[in-house]
Amino acid sequence: MNADAFIESLRLLCTRRFGTFWFASLLSNIGTWAQQVAQPWLLLSLGASPFLLGLDSFALAAPVFLLTLIGGALADARDRRRTIVLFQSVQMMCPILIVLLLLFGAVQPWMIIALSMVVGVTDGLSMPSFQSIVPTIVEKQQIPTGIALNSTQFNLSRILGPAVAGLLMAGVGAAGAFAVSAASYLPFILVAVWILPRGVRASGTGDGFAWHRLYANVREVLRQPVQRGALLTVFISGLLCAPLLVFCPVLVKEVFHGDISHFSLAMAAFGVGGLLGGIGLLGVGQGRDRRTLSSVFAITFGVVLVFSAWNRSTWGLPALFVVAGAAMTLSNASANSMLQVSASPRLRGQTVSLFMLAMRGGMALGGLLTGLSVAALGIREALCINGVLAVLLQLMVARHWSRAAPPTGLE
């Protein structure tokens with residue numbers, strides 16, 4: 001680990017703007033992960049099938065296909081501050097509605113899935129603006145460090161969120177976890193109002209949204225071999241490996257006959273791994289070409305998925321989830337760093353939207369398709385097939401990606 005790079009990372013965290021953003025994001029993501037643990041368990045308790053779990057994941061992530069590119073254009077052409085505040089406020093109403101439905105005993109699986117769709121729509125339109133915040137509050141050479149630090153808070157929330165959900169669901173029921181999720185939106189909305197300048201948009205984007213400009217911008221980003229390789233790596237991981245998280249409650253309940261405590265422990269373990277991976281990235285030099293890191297750990301994620309499918313130890317599952325979390329974070333954050341460092345400022349929102357499309361779109365398809373294969377083959381067989389395919393496809397992408405010239409500014 002590079003000690004100077006690590007110290008520089010801590011200095012960035014101590015700055016007023018980035019430090020406040022980091023802490024508000026942590027609180028927001030703790031609430032999000034509390035809901036991510038509570039929601040699939042609630043669906044199972046309502047009698048939902050594994051296919052409905054996959055459908056819920058699809059409903060949450062599918063709008064990415066239709067709306068994230070538009071969200072990227074909005075991030076470049078509109079006031080990002082207003083976009084974030086508007087859609088985060090709408091999104092906050094979804095867990096509030098679930099709390100009310102639970103209190104009145106009126107909740108049904110289709111209602112939860114419908115609200116997941118609402119969250120997916122708001123995510124698709126606002127996440128490119130959200131992901132564009134870090135490059136606007138740090139210097140260009142600090143972008144990889146800012147992304148790595150952002151990854152650490154995200155994965156720290158993956159540890160704390162499931163722990164909070166487990167305690168609340170055991171104590172007061174699912175309503176408590178959804179209430180915490182709703183409350184966690186407020187700090188981030190307030191910080192976004194403060195940290196982002198009013199009425200500022202990317203330069204050179206013209207006057208607002210236009211379909212022909214969107215098409216041209218997407219082509220310009222995808223024309224770069226390194227950017228294509230990064231996006232393919234992230235997409236394959238989302239499509240084939242991320243279903244491990246979606247179907248973790250099925251694995252825990254059907255294979256190990258566990259309860260919510262076992263599920264929350266596995267999810268927290270994934271967060272521990274992600275946190276360790278994010279900390280490891282802080283020691284990587286700012287100018288380093290991160291293609292090898294991204295490919296190696298994407299392949300590792302696939303291998304861990306195979307082992308997770310056939311693991312027979314209750315305590316072996318959290319250990320495997322630690323490795324899986326580290327692998328996913330190191331791969332995706334490295335790919336994201338390369339994309340954002342090489343992105344033109346006028347196309348940063350569009351570049352981020354393609355990253356989100358690859359990650360969340362892959363997860364949407366993966367959740368739906370794996371739900372079908374779980375129903376047809378069983379949870380172990382479905383996850384094993386996913387892992388083998390992921391390893392083979394990532395090897396093919398890595399072979400072609402490594403031959404491309406590195407982006408400007410990378411060694």
# chains A, B, ... in the order shown; residues from 1 in each chain; ligands from 1
call {"tool": "residues_around", "arguments": {"residues": "Gly378 of chain A", "least_positions_apart": "3", "cutoff": "12 Å", "atoms": "only C-alpha atoms", "output": "list in words"}}
result
Pro50, Phe51, Phe247, Val250, Leu251, Glu254, Val255, Ala309, Trp310, Thr370, Gly371, Leu372, Ser373, Val374, Ala375, Glu381, Ala382, Leu383, Cys384 and Ile385 of chain A
call {"tool": "write_last_selection", "arguments": {"atoms": "N, CA and C atoms", "output": "short mmCIF file (atom, residue, chain, number, x, y, z; two decimals), in the first residue's frame"}}
result
data_model
loop_
_atom_site.label_atom_id
_atom_site.label_comp_id
_atom_site.auth_asym_id
_atom_site.auth_seq_id
_atom_site.Cartn_x
_atom_site.Cartn_y
_atom_site.Cartn_z
N PRO A 50 -39.47 -17.12 -4.94
CA PRO A 50 -38.17 -16.60 -5.42
C PRO A 50 -38.31 -15.77 -6.69
N PHE A 51 -39.26 -16.14 -7.56
CA PHE A 51 -39.46 -15.35 -8.77
C PHE A 51 -39.90 -13.93 -8.43
N PHE A 247 -30.54 -13.05 -4.06
CA PHE A 247 -31.10 -14.34 -3.65
C PHE A 247 -30.43 -14.88 -2.38
N VAL A 250 -32.98 -16.39 -0.02
CA VAL A 250 -33.41 -17.73 -0.43
C VAL A 250 -32.35 -18.75 -0.02
N LEU A 251 -31.08 -18.41 -0.25
CA LEU A 251 -29.98 -19.30 0.11
C LEU A 251 -29.99 -19.56 1.62
N GLU A 254 -33.59 -21.51 2.54
CA GLU A 254 -33.84 -22.84 1.99
C GLU A 254 -32.69 -23.81 2.22
N VAL A 255 -31.46 -23.31 2.14
CA VAL A 255 -30.30 -24.20 2.25
C VAL A 255 -29.84 -24.35 3.69
N ALA A 309 -22.16 -21.08 -3.98
CA ALA A 309 -23.27 -21.95 -4.39
C ALA A 309 -23.18 -23.33 -3.75
N TRP A 310 -21.96 -23.83 -3.57
CA TRP A 310 -21.80 -25.20 -3.08
C TRP A 310 -21.26 -25.28 -1.66
N THR A 370 -32.04 -14.80 -13.17
CA THR A 370 -31.64 -15.75 -12.14
C THR A 370 -32.86 -16.22 -11.35
N GLY A 371 -33.87 -15.35 -11.20
CA GLY A 371 -35.10 -15.78 -10.55
C GLY A 371 -35.75 -16.92 -11.31
N LEU A 372 -35.73 -16.83 -12.64
CA LEU A 372 -36.29 -17.92 -13.46
C LEU A 372 -35.47 -19.19 -13.33
N SER A 373 -34.14 -19.06 -13.34
CA SER A 373 -33.29 -20.26 -13.25
C SER A 373 -33.34 -20.88 -11.87
N VAL A 374 -33.50 -20.06 -10.82
CA VAL A 374 -33.65 -20.60 -9.47
C VAL A 374 -34.94 -21.43 -9.38
N ALA A 375 -36.02 -20.90 -9.96
CA ALA A 375 -37.29 -21.62 -9.94
C ALA A 375 -37.20 -22.94 -10.72
N GLU A 381 -27.70 -24.59 -8.06
CA GLU A 381 -27.36 -24.81 -9.47
C GLU A 381 -27.37 -23.49 -10.25
N ALA A 382 -28.37 -22.65 -9.98
CA ALA A 382 -28.46 -21.38 -10.71
C ALA A 382 -27.26 -20.48 -10.43
N LEU A 383 -26.87 -20.36 -9.17
CA LEU A 383 -25.73 -19.51 -8.81
C LEU A 383 -24.42 -20.07 -9.36
N CYS A 384 -24.29 -21.39 -9.37
CA CYS A 384 -23.07 -22.01 -9.91
C CYS A 384 -22.91 -21.72 -11.39
N ILE A 385 -24.00 -21.85 -12.15
CA ILE A 385 -23.95 -21.56 -13.58
C ILE A 385 -23.58 -20.09 -13.81
#
call {"tool": "residues_around", "arguments": {"residues": "Phe301 of chain A", "least_positions_apart": "6", "cutoff": "12 Å", "atoms": "only C-alpha atoms", "output": "PDB file with N, CA and C atoms, in the first residue's frame"}}
result
ATOM      1  N   THR A 233     -17.100  -4.926 -18.195  1.00  0.00           N
ATOM      2  CA  THR A 233     -16.701  -5.604 -16.964  1.00  0.00           C
ATOM      3  C   THR A 233     -17.743  -5.413 -15.878  1.00  0.00           C
ATOM      4  N   VAL A 234     -18.211  -4.176 -15.717  1.00  0.00           N
ATOM      5  CA  VAL A 234     -19.220  -3.877 -14.696  1.00  0.00           C
ATOM      6  C   VAL A 234     -20.552  -4.551 -15.034  1.00  0.00           C
ATOM      7  N   ILE A 236     -21.160  -7.350 -16.760  1.00  0.00           N
ATOM      8  CA  ILE A 236     -21.117  -8.798 -16.547  1.00  0.00           C
ATOM      9  C   ILE A 236     -21.212  -9.123 -15.060  1.00  0.00           C
ATOM     10  N   SER A 237     -20.517  -8.354 -14.232  1.00  0.00           N
ATOM     11  CA  SER A 237     -20.594  -8.582 -12.782  1.00  0.00           C
ATOM     12  C   SER A 237     -22.014  -8.359 -12.270  1.00  0.00           C
ATOM     13  N   GLY A 238     -22.665  -7.304 -12.756  1.00  0.00           N
ATOM     14  CA  GLY A 238     -24.031  -7.040 -12.333  1.00  0.00           C
ATOM     15  C   GLY A 238     -24.996  -8.110 -12.805  1.00  0.00           C
ATOM     16  N   LEU A 240     -24.400 -11.376 -13.719  1.00  0.00           N
ATOM     17  CA  LEU A 240     -24.197 -12.758 -13.301  1.00  0.00           C
ATOM     18  C   LEU A 240     -23.805 -12.930 -11.832  1.00  0.00           C
ATOM     19  N   CYS A 241     -23.120 -11.940 -11.259  1.00  0.00           N
ATOM     20  CA  CYS A 241     -22.617 -12.102  -9.884  1.00  0.00           C
ATOM     21  C   CYS A 241     -23.465 -11.394  -8.836  1.00  0.00           C
ATOM     22  N   ALA A 242     -23.999 -10.213  -9.156  1.00  0.00           N
ATOM     23  CA  ALA A 242     -24.808  -9.475  -8.182  1.00  0.00           C
ATOM     24  C   ALA A 242     -26.049 -10.230  -7.713  1.00  0.00           C
ATOM     25  N   PRO A 243     -26.633 -11.166  -8.512  1.00  0.00           N
ATOM     26  CA  PRO A 243     -27.759 -11.950  -7.983  1.00  0.00           C
ATOM     27  C   PRO A 243     -27.447 -12.716  -6.706  1.00  0.00           C
ATOM     28  N   LEU A 244     -26.180 -12.889  -6.366  1.00  0.00           N
ATOM     29  CA  LEU A 244     -25.828 -13.502  -5.090  1.00  0.00           C
ATOM     30  C   LEU A 244     -26.455 -12.726  -3.938  1.00  0.00           C
ATOM     31  N   PHE A 270     -20.658  -8.963   3.577  1.00  0.00           N
ATOM     32  CA  PHE A 270     -20.397  -8.406   2.251  1.00  0.00           C
ATOM     33  C   PHE A 270     -19.920  -6.963   2.380  1.00  0.00           C
ATOM     34  N   GLY A 273     -16.277  -6.816   3.536  1.00  0.00           N
ATOM     35  CA  GLY A 273     -15.382  -7.025   2.405  1.00  0.00           C
ATOM     36  C   GLY A 273     -15.279  -5.801   1.518  1.00  0.00           C
ATOM     37  N   GLY A 274     -16.431  -5.179   1.255  1.00  0.00           N
ATOM     38  CA  GLY A 274     -16.419  -3.970   0.442  1.00  0.00           C
ATOM     39  C   GLY A 274     -15.627  -2.856   1.090  1.00  0.00           C
ATOM     40  N   SER A 294      -9.436  -4.071 -11.986  1.00  0.00           N
ATOM     41  CA  SER A 294     -10.851  -4.278 -12.266  1.00  0.00           C
ATOM     42  C   SER A 294     -11.108  -5.684 -12.806  1.00  0.00           C
ATOM     43  N   SER A 295     -10.287  -6.139 -13.746  1.00  0.00           N
ATOM     44  CA  SER A 295     -10.505  -7.452 -14.363  1.00  0.00           C
ATOM     45  C   SER A 295     -10.233  -8.598 -13.399  1.00  0.00           C
ATOM     46  N   PHE A 307     -18.123 -20.959  -5.356  1.00  0.00           N
ATOM     47  CA  PHE A 307     -17.889 -21.519  -4.020  1.00  0.00           C
ATOM     48  C   PHE A 307     -19.083 -21.285  -3.097  1.00  0.00           C
ATOM     49  N   SER A 308     -19.699 -20.101  -3.209  1.00  0.00           N
ATOM     50  CA  SER A 308     -20.863 -19.792  -2.370  1.00  0.00           C
ATOM     51  C   SER A 308     -22.031 -20.722  -2.691  1.00  0.00           C
ATOM     52  N   LEU A 320     -17.201 -16.163   2.771  1.00  0.00           N
ATOM     53  CA  LEU A 320     -17.208 -16.004   1.323  1.00  0.00           C
ATOM     54  C   LEU A 320     -17.771 -14.640   0.915  1.00  0.00           C
ATOM     55  N   PHE A 321     -18.754 -14.153   1.663  1.00  0.00           N
ATOM     56  CA  PHE A 321     -19.332 -12.850   1.356  1.00  0.00           C
ATOM     57  C   PHE A 321     -18.334 -11.717   1.602  1.00  0.00           C
ATOM     58  N   VAL A 322     -17.433 -11.888   2.550  1.00  0.00           N
ATOM     59  CA  VAL A 322     -16.384 -10.890   2.755  1.00  0.00           C
ATOM     60  C   VAL A 322     -15.523 -10.770   1.492  1.00  0.00           C
ATOM     61  N   VAL A 323     -15.112 -11.921   0.948  1.00  0.00           N
ATOM     62  CA  VAL A 323     -14.287 -11.917  -0.275  1.00  0.00           C
ATOM     63  C   VAL A 323     -15.080 -11.356  -1.451  1.00  0.00           C
ATOM     64  N   ALA A 324     -16.351 -11.738  -1.544  1.00  0.00           N
ATOM     65  CA  ALA A 324     -17.190 -11.246  -2.639  1.00  0.00           C
ATOM     66  C   ALA A 324     -17.336  -9.730  -2.575  1.00  0.00           C
ATOM     67  N   GLY A 325     -17.555  -9.183  -1.383  1.00  0.00           N
ATOM     68  CA  GLY A 325     -17.696  -7.738  -1.227  1.00  0.00           C
ATOM     69  C   GLY A 325     -16.441  -6.990  -1.622  1.00  0.00           C
ATOM     70  N   ALA A 326     -15.288  -7.520  -1.212  1.00  0.00           N
ATOM     71  CA  ALA A 326     -14.018  -6.883  -1.582  1.00  0.00           C
ATOM     72  C   ALA A 326     -13.812  -6.926  -3.088  1.00  0.00           C
ATOM     73  N   ALA A 327     -14.110  -8.072  -3.692  1.00  0.00           N
ATOM     74  CA  ALA A 327     -13.904  -8.223  -5.136  1.00  0.00           C
ATOM     75  C   ALA A 327     -14.800  -7.274  -5.928  1.00  0.00           C
ATOM     76  N   MET A 328     -16.081  -7.189  -5.557  1.00  0.00           N
ATOM     77  CA  MET A 328     -17.008  -6.322  -6.284  1.00  0.00           C
ATOM     78  C   MET A 328     -16.588  -4.856  -6.171  1.00  0.00           C
ATOM     79  N   THR A 329     -16.202  -4.440  -4.967  1.00  0.00           N
ATOM     80  CA  THR A 329     -15.804  -3.046  -4.765  1.00  0.00           C
ATOM     81  C   THR A 329     -14.544  -2.704  -5.538  1.00  0.00           C
ATOM     82  N   LEU A 330     -13.532  -3.552  -5.442  1.00  0.00           N
ATOM     83  CA  LEU A 330     -12.269  -3.276  -6.131  1.00  0.00           C
ATOM     84  C   LEU A 330     -12.461  -3.237  -7.638  1.00  0.00           C
ATOM     85  N   SER A 331     -13.291  -4.125  -8.164  1.00  0.00           N
ATOM     86  CA  SER A 331     -13.515  -4.157  -9.609  1.00  0.00           C
ATOM     87  C   SER A 331     -14.320  -2.954 -10.087  1.00  0.00           C
ATOM     88  N   ASN A 332     -15.487  -2.725  -9.470  1.00  0.00           N
ATOM     89  CA  ASN A 332     -16.368  -1.649  -9.939  1.00  0.00           C
ATOM     90  C   ASN A 332     -15.789  -0.264  -9.686  1.00  0.00           C
ATOM     91  N   LEU A 383     -26.868 -20.360  -9.168  1.00  0.00           N
ATOM     92  CA  LEU A 383     -25.726 -19.506  -8.811  1.00  0.00           C
ATOM     93  C   LEU A 383     -24.418 -20.070  -9.359  1.00  0.00           C
ATOM     94  N   ASN A 386     -24.172 -19.193 -13.031  1.00  0.00           N
ATOM     95  CA  ASN A 386     -23.833 -17.772 -13.145  1.00  0.00           C
ATOM     96  C   ASN A 386     -22.347 -17.534 -12.931  1.00  0.00           C
ATOM     97  N   GLY A 387     -21.783 -18.176 -11.900  1.00  0.00           N
ATOM     98  CA  GLY A 387     -20.376 -17.960 -11.583  1.00  0.00           C
ATOM     99  C   GLY A 387     -19.449 -18.434 -12.688  1.00  0.00           C
ATOM    100  N   VAL A 388     -19.721 -19.607 -13.234  1.00  0.00           N
ATOM    101  CA  VAL A 388     -18.881 -20.143 -14.320  1.00  0.00           C
ATOM    102  C   VAL A 388     -18.942 -19.236 -15.546  1.00  0.00           C
ATOM    103  N   LEU A 389     -20.149 -18.812 -15.932  1.00  0.00           N
ATOM    104  CA  LEU A 389     -20.290 -17.906 -17.077  1.00  0.00           C
ATOM    105  C   LEU A 389     -19.570 -16.585 -16.832  1.00  0.00           C
ATOM    106  N   ALA A 390     -19.662 -16.067 -15.609  1.00  0.00           N
ATOM    107  CA  ALA A 390     -19.011 -14.795 -15.291  1.00  0.00           C
ATOM    108  C   ALA A 390     -17.496 -14.896 -15.480  1.00  0.00           C
ATOM    109  N   VAL A 391     -16.901 -15.964 -14.987  1.00  0.00           N
ATOM    110  CA  VAL A 391     -15.449 -16.128 -15.117  1.00  0.00           C
ATOM    111  C   VAL A 391     -15.040 -16.185 -16.587  1.00  0.00           C
ATOM    112  N   LEU A 392     -15.747 -16.970 -17.383  1.00  0.00           N
ATOM    113  CA  LEU A 392     -15.399 -17.110 -18.803  1.00  0.00           C
ATOM    114  C   LEU A 392     -15.529 -15.786 -19.555  1.00  0.00           C
ATOM    115  N   GLN A 394     -15.556 -12.675 -18.294  1.00  0.00           N
ATOM    116  CA  GLN A 394     -14.598 -11.672 -17.811  1.00  0.00           C
ATOM    117  C   GLN A 394     -13.200 -11.931 -18.365  1.00  0.00           C
TER     118      GLN A 394
END
call {"tool": "atom_distance", "arguments": {"atom1": "atom CA of Ala319 of chain A", "atom2": "atom CA of Met338 of chain A"}}
result
29.4 Å
call {"tool": "residues_around", "arguments": {"residues": "His400 of chain A", "least_positions_apart": "2", "cutoff": "12 Å", "atoms": "only C-alpha atoms", "output": "ChimeraX atom specification"}}
result
/A:225-226,228-230,232-233,291-292,295,393-398,402-405
call {"tool": "write_last_selection", "arguments": {"atoms": "N, CA and C atoms", "output": "tab-separated table (two decimals), in the first residue's frame"}}
result
chain	number	residue	atom	x	y	z
A	225	PRO	N	-12.03	2.48	-26.49
A	225	PRO	CA	-11.92	1.05	-26.11
A	225	PRO	C	-11.83	0.83	-24.60
A	226	VAL	N	-11.10	1.70	-23.90
A	226	VAL	CA	-10.95	1.53	-22.45
A	226	VAL	C	-12.29	1.71	-21.75
A	228	ARG	N	-15.27	1.22	-23.10
A	228	ARG	CA	-16.10	0.05	-23.43
A	228	ARG	C	-15.74	-1.13	-22.54
A	229	GLY	N	-14.43	-1.36	-22.34
A	229	GLY	CA	-14.00	-2.48	-21.51
A	229	GLY	C	-14.45	-2.33	-20.07
A	230	ALA	N	-14.37	-1.10	-19.54
A	230	ALA	CA	-14.81	-0.85	-18.17
A	230	ALA	C	-16.30	-1.13	-18.02
A	232	LEU	N	-18.26	-3.05	-19.92
A	232	LEU	CA	-18.56	-4.48	-20.08
A	232	LEU	C	-18.22	-5.26	-18.82
A	233	THR	N	-17.10	-4.93	-18.19
A	233	THR	CA	-16.70	-5.60	-16.96
A	233	THR	C	-17.74	-5.41	-15.88
A	291	ARG	N	-6.99	-1.06	-14.98
A	291	ARG	CA	-7.67	-2.12	-15.72
A	291	ARG	C	-7.41	-3.50	-15.14
A	292	THR	N	-6.15	-3.76	-14.77
A	292	THR	CA	-5.81	-5.08	-14.22
A	292	THR	C	-6.56	-5.34	-12.92
A	295	SER	N	-10.29	-6.14	-13.75
A	295	SER	CA	-10.50	-7.45	-14.36
A	295	SER	C	-10.23	-8.60	-13.40
A	393	LEU	N	-16.63	-15.07	-19.33
A	393	LEU	CA	-16.85	-13.80	-20.03
A	393	LEU	C	-15.86	-12.73	-19.58
A	394	GLN	N	-15.56	-12.67	-18.29
A	394	GLN	CA	-14.60	-11.67	-17.81
A	394	GLN	C	-13.20	-11.93	-18.37
A	395	LEU	N	-12.83	-13.19	-18.53
A	395	LEU	CA	-11.53	-13.50	-19.14
A	395	LEU	C	-11.47	-13.00	-20.57
A	396	MET	N	-12.56	-13.16	-21.31
A	396	MET	CA	-12.60	-12.68	-22.69
A	396	MET	C	-12.50	-11.16	-22.75
A	397	VAL	N	-13.24	-10.46	-21.90
A	397	VAL	CA	-13.19	-9.00	-21.89
A	397	VAL	C	-11.81	-8.51	-21.50
A	398	ALA	N	-11.21	-9.13	-20.47
A	398	ALA	CA	-9.89	-8.71	-19.99
A	398	ALA	C	-8.84	-8.83	-21.08
A	402	SER	N	-7.14	-5.20	-22.12
A	402	SER	CA	-5.75	-4.93	-21.76
A	402	SER	C	-4.92	-4.45	-22.94
A	403	ARG	N	-5.40	-4.72	-24.17
A	403	ARG	CA	-4.63	-4.32	-25.36
A	403	ARG	C	-4.84	-2.87	-25.75
A	404	ALA	N	-5.87	-2.22	-25.23
A	404	ALA	CA	-6.15	-0.84	-25.60
A	404	ALA	C	-5.16	0.10	-24.91
A	405	ALA	N	-4.89	1.22	-25.57
A	405	ALA	CA	-4.00	2.22	-24.98
A	405	ALA	C	-4.67	2.84	-23.76
call {"tool": "residues_around", "arguments": {"residues": "Cys248 of chain A", "least_positions_apart": "4", "cutoff": "8 Å", "atoms": "only C-alpha atoms", "output": "PDB file with C-alpha atoms, in the first residue's frame"}}
result
ATOM      1  CA  LEU A 244     -25.828 -13.502  -5.090  1.00  0.00           C
ATOM      2  CA  VAL A 252     -30.155 -18.628   3.863  1.00  0.00           C
ATOM      3  CA  PHE A 263     -29.289 -13.047   6.509  1.00  0.00           C
ATOM      4  CA  ALA A 266     -24.204 -12.353   5.498  1.00  0.00           C
TER       5      ALA A 266
END
call {"tool": "closest_residue", "arguments": {"among": "A:Arg380, A:Asp259, A:Gly71, A:Val64", "to": "Asn311 of chain A", "atoms": "only C-alpha atoms"}}
result
A:Arg380
call {"tool": "closest_residue", "arguments": {"among": "A:Leu149, A:Ala165, A:Leu60, A:Leu67", "to": "Ala114 of chain A", "atoms": "only C-alpha atoms"}}
result
A:Leu60
call {"tool": "closest_residue", "arguments": {"among": "A:Cys94, A:Ala179, A:Val191, A:Leu86", "to": "Ala24 of chain A", "atoms": "only C-alpha atoms"}}
result
A:Val191
call {"tool": "select_by_dssp", "arguments": {"residues": "segment 1-244 of chain A", "states": "helix (DSSP H, G or I)", "output": "JSON, numbers by chain"}}
result
{"A": [3, 4, 5, 6, 7, 8, 9, 10, 11, 12, 13, 16, 17, 18, 19, 20, 21, 22, 23, 24, 25, 26, 27, 28, 29, 30, 31, 32, 33, 34, 35, 36, 37, 38, 39, 40, 41, 42, 43, 44, 45, 50, 51, 52, 53, 54, 55, 56, 57, 58, 59, 60, 61, 63, 64, 65, 66, 67, 68, 69, 70, 71, 72, 73, 74, 75, 76, 77, 80, 81, 82, 83, 84, 85, 86, 87, 88, 89, 90, 91, 92, 93, 94, 95, 96, 97, 98, 99, 100, 101, 102, 103, 109, 110, 111, 112, 113, 114, 115, 116, 117, 118, 119, 120, 121, 122, 123, 124, 125, 126, 127, 128, 129, 130, 131, 133, 134, 135, 136, 137, 140, 141, 142, 143, 144, 145, 146, 147, 148, 149, 150, 151, 152, 153, 154, 155, 156, 157, 158, 159, 160, 161, 162, 163, 164, 165, 166, 167, 168, 169, 170, 171, 174, 175, 176, 177, 178, 179, 180, 181, 182, 183, 185, 186, 187, 188, 189, 190, 191, 192, 193, 194, 195, 211, 212, 213, 214, 215, 216, 217, 218, 219, 220, 221, 222, 225, 226, 227, 228, 229, 230, 231, 232, 233, 234, 235, 236, 237, 238, 239, 240, 241, 243, 244]}
call {"tool": "closest_residue", "arguments": {"among": "A:Phe256, A:Phe18, A:Phe154, A:Phe130", "to": "Gly278 of chain A", "atoms": "only C-alpha atoms"}}
result
A:Phe154
call {"tool": "residues_around", "arguments": {"residues": "Leu339 of chain A", "least_positions_apart": "5", "cutoff": "8 Å", "atoms": "only C-alpha atoms", "output": "ChimeraX atom specification"}}
result
/A:227,230,351-352
call {"tool": "write_last_selection", "arguments": {"atoms": "N, CA and C atoms", "output": "JSON list (two decimals), in the first residue's frame"}}
result
[["chain", "number", "residue", "atom", "x", "y", "z"],
["A", 227, "GLN", "N", -13.06, 2.68, -22.21],
["A", 227, "GLN", "CA", -14.37, 2.91, -21.60],
["A", 227, "GLN", "C", -15.32, 1.76, -21.90],
["A", 230, "ALA", "N", -14.37, -1.10, -19.54],
["A", 230, "ALA", "CA", -14.81, -0.85, -18.17],
["A", 230, "ALA", "C", -16.30, -1.13, -18.02],
["A", 351, "THR", "N", -21.25, 9.92, -19.11],
["A", 351, "THR", "CA", -20.35, 8.80, -18.81],
["A", 351, "THR", "C", -20.80, 8.07, -17.56],
["A", 352, "VAL", "N", -21.16, 8.84, -16.53],
["A", 352, "VAL", "CA", -21.65, 8.23, -15.29],
["A", 352, "VAL", "C", -22.94, 7.45, -15.54]]
call {"tool": "closest_residue", "arguments": {"among": "A:Leu239, A:Val107, A:Ala48, A:Leu27", "to": "Phe188 of chain A", "atoms": "only C-alpha atoms"}}
result
A:Leu27
